[in-house]
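For reference, the structure is listed below as structure tokens.
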There are 2 protein chains.
Amino acid sequence: VFIYRGSGSSSMESPMLNHHVSTALRDWVAIESDSSNVLKRPDLHRMMEMAAQKLRLMGGTVELVDIGEQELPDGQTLALPKVVTAQFGNDPNKHTVCVYGHVDVQPAKLEDGWATDPYNLTDINGNLYGRGASDNKAPVLAWIHAVEAYQALNMELPVNVKFVIEGMEETGSNGLDAMILAQRDTFFSDVDYIIISDCGWLSRRPALTYGTRGNCYFYAEVEGPKQDLHSGVYGGTVIEPMTDLVGILGECIFSPSGKILIPGIREAVAPLSDEEWRMYQDIQFDIDNYKNKIGVNELMYSNKVDLLAHMWRYPTVSIHGIEGAFSDPGTKTVIPAKVTAKFSIRQVPNMDPAMVKKQVTDYLHSVFAKRKSPNKLKVTMVIGAKPWLADTQHPLYDAGKAAVKRVFDMDPDLIREGGTIPIARTFQDVTGKSIIMMPIGGFDDGLHSQNEKMSRYNYIEGTKLFVAYLNEVSQIKHTSV
Amino acid sequence: VFIYRGSGSSSMESPMLNHHVSTALRDWVAIESDSSNVLKRPDLHRMMEMAAQKLRLMGGTVELVDIGEQELPDGQTLALPKVVTAQFGNDPNKHTVCVYGHVDVQPAKLEDGWATDPYNLTDINGNLYGRGASDNKAPVLAWIHAVEAYQALNMELPVNVKFVIEGMEETGSNGLDAMILAQRDTFFSDVDYIIISDCGWLSRRPALTYGTRGNCYFYAEVEGPKQDLHSGVYGGTVIEPMTDLVGILGECIFSPSGKILIPGIREAVAPLSDEEWRMYQDIQFDIDNYKNKIGVNELMYSNKVDLLAHMWRYPTVSIHGIEGAFSDPGTKTVIPAKVTAKFSIRQVPNMDPAMVKKQVTDYLHSVFAKRKSPNKLKVTMVIGAKPWLADTQHPLYDAGKAAVKRVFDMDPDLIREGGTIPIARTFQDVTGKSIIMMPIGGFDDGLHSQNEKMSRYNYIEGTKLFVAYLNEVSQIKHTSV
């Protein structure tokens, strides 16, 4: 086996590899594979094809799986990006792991406040800046490089390795659930373990992730006049949609303390156990550093356990913005005719998205009804992703700890993820396989923000971690599967 | 004098004139002279030069008056568009009128929902669609064409005609007040009457306008994290600026009935007099038509007098939008770091903008303080324009009635304007001259909205009205000035 540990001591550390990995990432980041913007769909298709081609050239058995169409709010349909599946090795005497990743990204524009072009990977002091660098293009490539490393050294893969790479993760993995269900008894039938690296560390200490929050994403649309109106000419005679929308959001959902006031939601949440409390106490989490990174003096809670609990295992609500209102610089004096608030509620055990949908919809309508407005309210849940929770006593996690120990010479933190990786829950529900999340992204990578990055260190050490992990997984006894 | 009345009977009705006027308007509309967008400032400068050149070619004495710079929120400065002044005739035995207009426009983008390119004047069934067509480029051109008509017929102008054309009206006429004050004893010293055509009719009946509302435009900025955050990763630990902003707007300012809940504002408003009530009763105003035009089934009030009163002489508040939040289509899961709500309160007698500024700022801060948020609130009043009210018994209005009678064969409605024309109040306060507003825009022109238009009918008959009005004004007895 390789020597994984320490800088400069490994065959992985060559300048050529360094160049190789950042070139591949540069090509991938250059594609604006924004899955939330229908106008970028051609780029997204191109991204899937590029990922498939990469795996084909490595000798994998590759398929681009058609997962159908999505329906747009206006009733039109649009082809979903195909899902890339690949297989390296099919030795029935070996374990088979399936690596999941995604190559679509969140929106990003230079004028949002990026210091560099978000689609031109830029190396500044060893950090590689670009949209999707950390979420999730570099981790997917790190898994690919791990397989390439075995190939380059003419070593047999210690386990069979499959890939499932999708292009709709950032908008709720539309079409993927059905694809997994359809291939449960074919592609997934011989998979023993599923590995996801679509997350990040909590600190400078490596981590293994055993839970994620789900997400219910809502549109609350208030429609009034048939077109935007001059606020001087019409103001005072028209019941304004923006007033209604801000009214129902502000008066009814969000208290100053951040609590969700919609009846039934908080009541559904599983209580915090003593064991969890103790686990959270032991996790490395520097509150001052966290504050500093965010740039605030005060957080919602002042102690570590409360903060981790509200990051991971309590629901939260965020208002992302309003579509249809004036959002540019300057002073337009307009009464917007149709405005759509976008907000999401992160799901945790034991909440149920179908129930949350009903609770939010009913409550907003009841509050809106009290206003006696002639405008029309439409509430839609456009994403409904469940949370996921793993058993940290599973051998998959022992193998993870051993691999981290080997590469980084320390024990990982066992953490959860506040964000949503819907696929984890689907894999659990549909295939019944065990799942581990093994992040390589840094705690300060700025996912979904301006200036997202992946450090060269995390990218390269992360690739080594994956190489080591494949070896550790091969040693799991079959009986414990 | 000409025969002004009736289609086909006048020299103004020739196809050539028709072509002439729409070509001039096409050229003017083609310039995106958006005064609220600092990136469009070069276009705005070009627009002012084009207006000046037009007046020069007609033989006017033209100046481009430097009115200095504006300070941007970030502390930078930007040159204001020069003000165009022009003079035709200086006979001391004649009255001198000064026509005021503006050639800057509100923002407009095709994707806002325009049926045609907003900067490519498009004739559909006799309506000329384009941003600024009605507000205020065609009315300014109609005044220019009125002078041209006298010139083309080799007739002496019955009054001296001056022009003041500015380029910052849509954002509060920055720099114009100081320019008027500076030229009070020079350019304005021999002006007897000021005429403004920056408004529209209330119905198909021509109108004279005797009042406008003012406008206090506010930015309420809430700033928290130093950059946008992933709502999954950070949601629950961070006090979100959007929650604070929606909270203070929704809980505190805007009741379902549209009333402004900020203490002191409603109390300052002059009570509705019996005389006003009677005047409003007589005005032609078709509520069903108004509803239909807006596309709503229900208005804030169900009777004519209440509607007119709340359109013209009561304050109103509109939330125009939020800058800094997610406003595109799609489902970005972001916690916006800095969000700025933009709202405005229309001013009426006897409100005072300085007082309103204090009332709004104090109240928002007091409500925000109750939230105990660590985020920062900054309230700025970026426009503070006073209302204006004229004496409808003045000979200037009698002349207006006569001109309308001559061209349209009917009596005009005496109306107010819900929007703001700040210059009216400034002229009144600084020069002490009498002012009339003489609109030619249609009641359905869609100012500040998608698909703004000016009809050929209003444009051409409006030009005739101005020709007739110059003649009527010349007959006002000097003693009555």
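How things are named: the first chain in the structure tokens is A, the next is B, and so on; residues count from 1 in each chain; ligands count from 1 in the order shown.
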**Asked** Given a cut-off of 6 Å, which residues of chain B touch chain A, counting only C-alpha atoms, written out as a VMD selection string?
**Response** chain B and resid 36 225 to 226 228 to 230 232 to 233 235 to 239 246 to 247 250 to 251 256 294 to 296 298 to 300 307 310 to 311 316 320 to 323 325 to 328 330 334 to 335 371 374 418 to 419 448 to 449
**Message:** Could you list, as JSON, numbers by chain, every residue within 12 Å of B:Gln87, counting only C-alpha atoms and ignoring same-chain residues fewer than 3 positions away?
**Reply:** {"B": [52, 55, 56, 58, 59, 60, 61, 62, 63, 84, 90, 91, 96, 97, 98, 99, 144, 147, 157, 159, 160, 161, 162, 163, 164, 165, 187, 188, 190, 191]}
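Scanning stretch 202-283 of chain A with DSSP on the backbone, the helix (DSSP H, G or I) assignments fall on Ser231, Gly232, Val233, Tyr234, Pro241, Met242, Thr243, Asp244, Leu245, Val246, Gly247, Ile248, Leu249, Gly250, Glu251, Cys252, Arg266, Glu267, Ala268, Asp274, Glu275, Glu276, Trp277, Arg278, Met279, Tyr280, Gln281 and Asp282 of chain A.
Separating atom CA of B:Ser455 from atom CA of B:Leu208 is a distance of 18.5 Å.
Near B:Ser33, within a cut-off of 8 Å and counting only C-alpha atoms, sit the residues Lys40, Arg41, Asp43, Leu44, Met47, Val103, Asp104, Val105 and Gly167 of chain B, with same-chain residues fewer than 5 positions away left out.
Note that atom CA of B:Gln428 and atom CA of B:Ile67 are 20.0 Å apart.
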**Message:** If you run DSSP on the backbone here, which positions in stretch 87-315 of chain B get strand (DSSP E or B)? Please write them as a PyMOL selection string.
**Reply:** chain B and resi 87-88+96-102+105+122-124+127-129+160-166+193-196+200+207-212+214-223+229-230+254+260
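Between atom CA of A:Ala182 and atom CA of A:Glu169 the separation is 18.5 Å.
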**Message:** Env of stretch 173-181 of chain A: 8 Å cut, atoms = only C-alpha atoms, seq-sep filter 3 positions within chain, self excluded. Answer as an NGL selection string.
**Reply:** :A and (67-70 or 80 or 83 or 166-170 or 184 or 188 or 422-423 or 426-427 or 430-431)
Please write the residues from the selection above to a file, keeping C-alpha atoms, as a PDB file, in the first residue's frame.
```
ATOM      1  CA  ILE A  67     -34.255  10.356 -16.023  1.00  0.00           C
ATOM      2  CA  GLY A  68     -36.975  12.152 -17.941  1.00  0.00           C
ATOM      3  CA  GLU A  69     -38.230  15.723 -17.767  1.00  0.00           C
ATOM      4  CA  GLN A  70     -39.076  18.289 -15.173  1.00  0.00           C
ATOM      5  CA  LEU A  80     -33.447  16.705 -16.860  1.00  0.00           C
ATOM      6  CA  VAL A  83     -27.373  10.721 -14.448  1.00  0.00           C
ATOM      7  CA  GLU A 166     -26.151  13.639 -10.858  1.00  0.00           C
ATOM      8  CA  GLY A 167     -26.872  17.159 -12.024  1.00  0.00           C
ATOM      9  CA  MET A 168     -29.917  18.298 -10.037  1.00  0.00           C
ATOM     10  CA  GLU A 169     -28.701  18.160  -6.440  1.00  0.00           C
ATOM     11  CA  GLU A 170     -28.872  21.893  -5.798  1.00  0.00           C
ATOM     12  CA  ARG A 184     -32.483  -1.017  -7.200  1.00  0.00           C
ATOM     13  CA  PHE A 188     -27.517  -1.094  -6.999  1.00  0.00           C
ATOM     14  CA  PRO A 422     -31.436  14.284  -0.219  1.00  0.00           C
ATOM     15  CA  ILE A 423     -29.824  11.293  -1.842  1.00  0.00           C
ATOM     16  CA  THR A 426     -33.260   7.965  -0.612  1.00  0.00           C
ATOM     17  CA  PHE A 427     -30.421   5.449  -0.644  1.00  0.00           C
ATOM     18  CA  VAL A 430     -34.772   2.453  -1.277  1.00  0.00           C
ATOM     19  CA  THR A 431     -31.646   0.287  -1.215  1.00  0.00           C
TER      20      THR A 431
END
```
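For the choices B:Tyr129, B:Trp201, B:Tyr119, B:Tyr193, the atom-to-atom distance to B:Phe285 is smallest for B:Trp201 when using only C-alpha atoms.
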**Distance criterion (only C-alpha atoms): nearest to A:Gly462 out of A:Arg46, A:His145, A:Lys477, A:Lys376** = A:His145
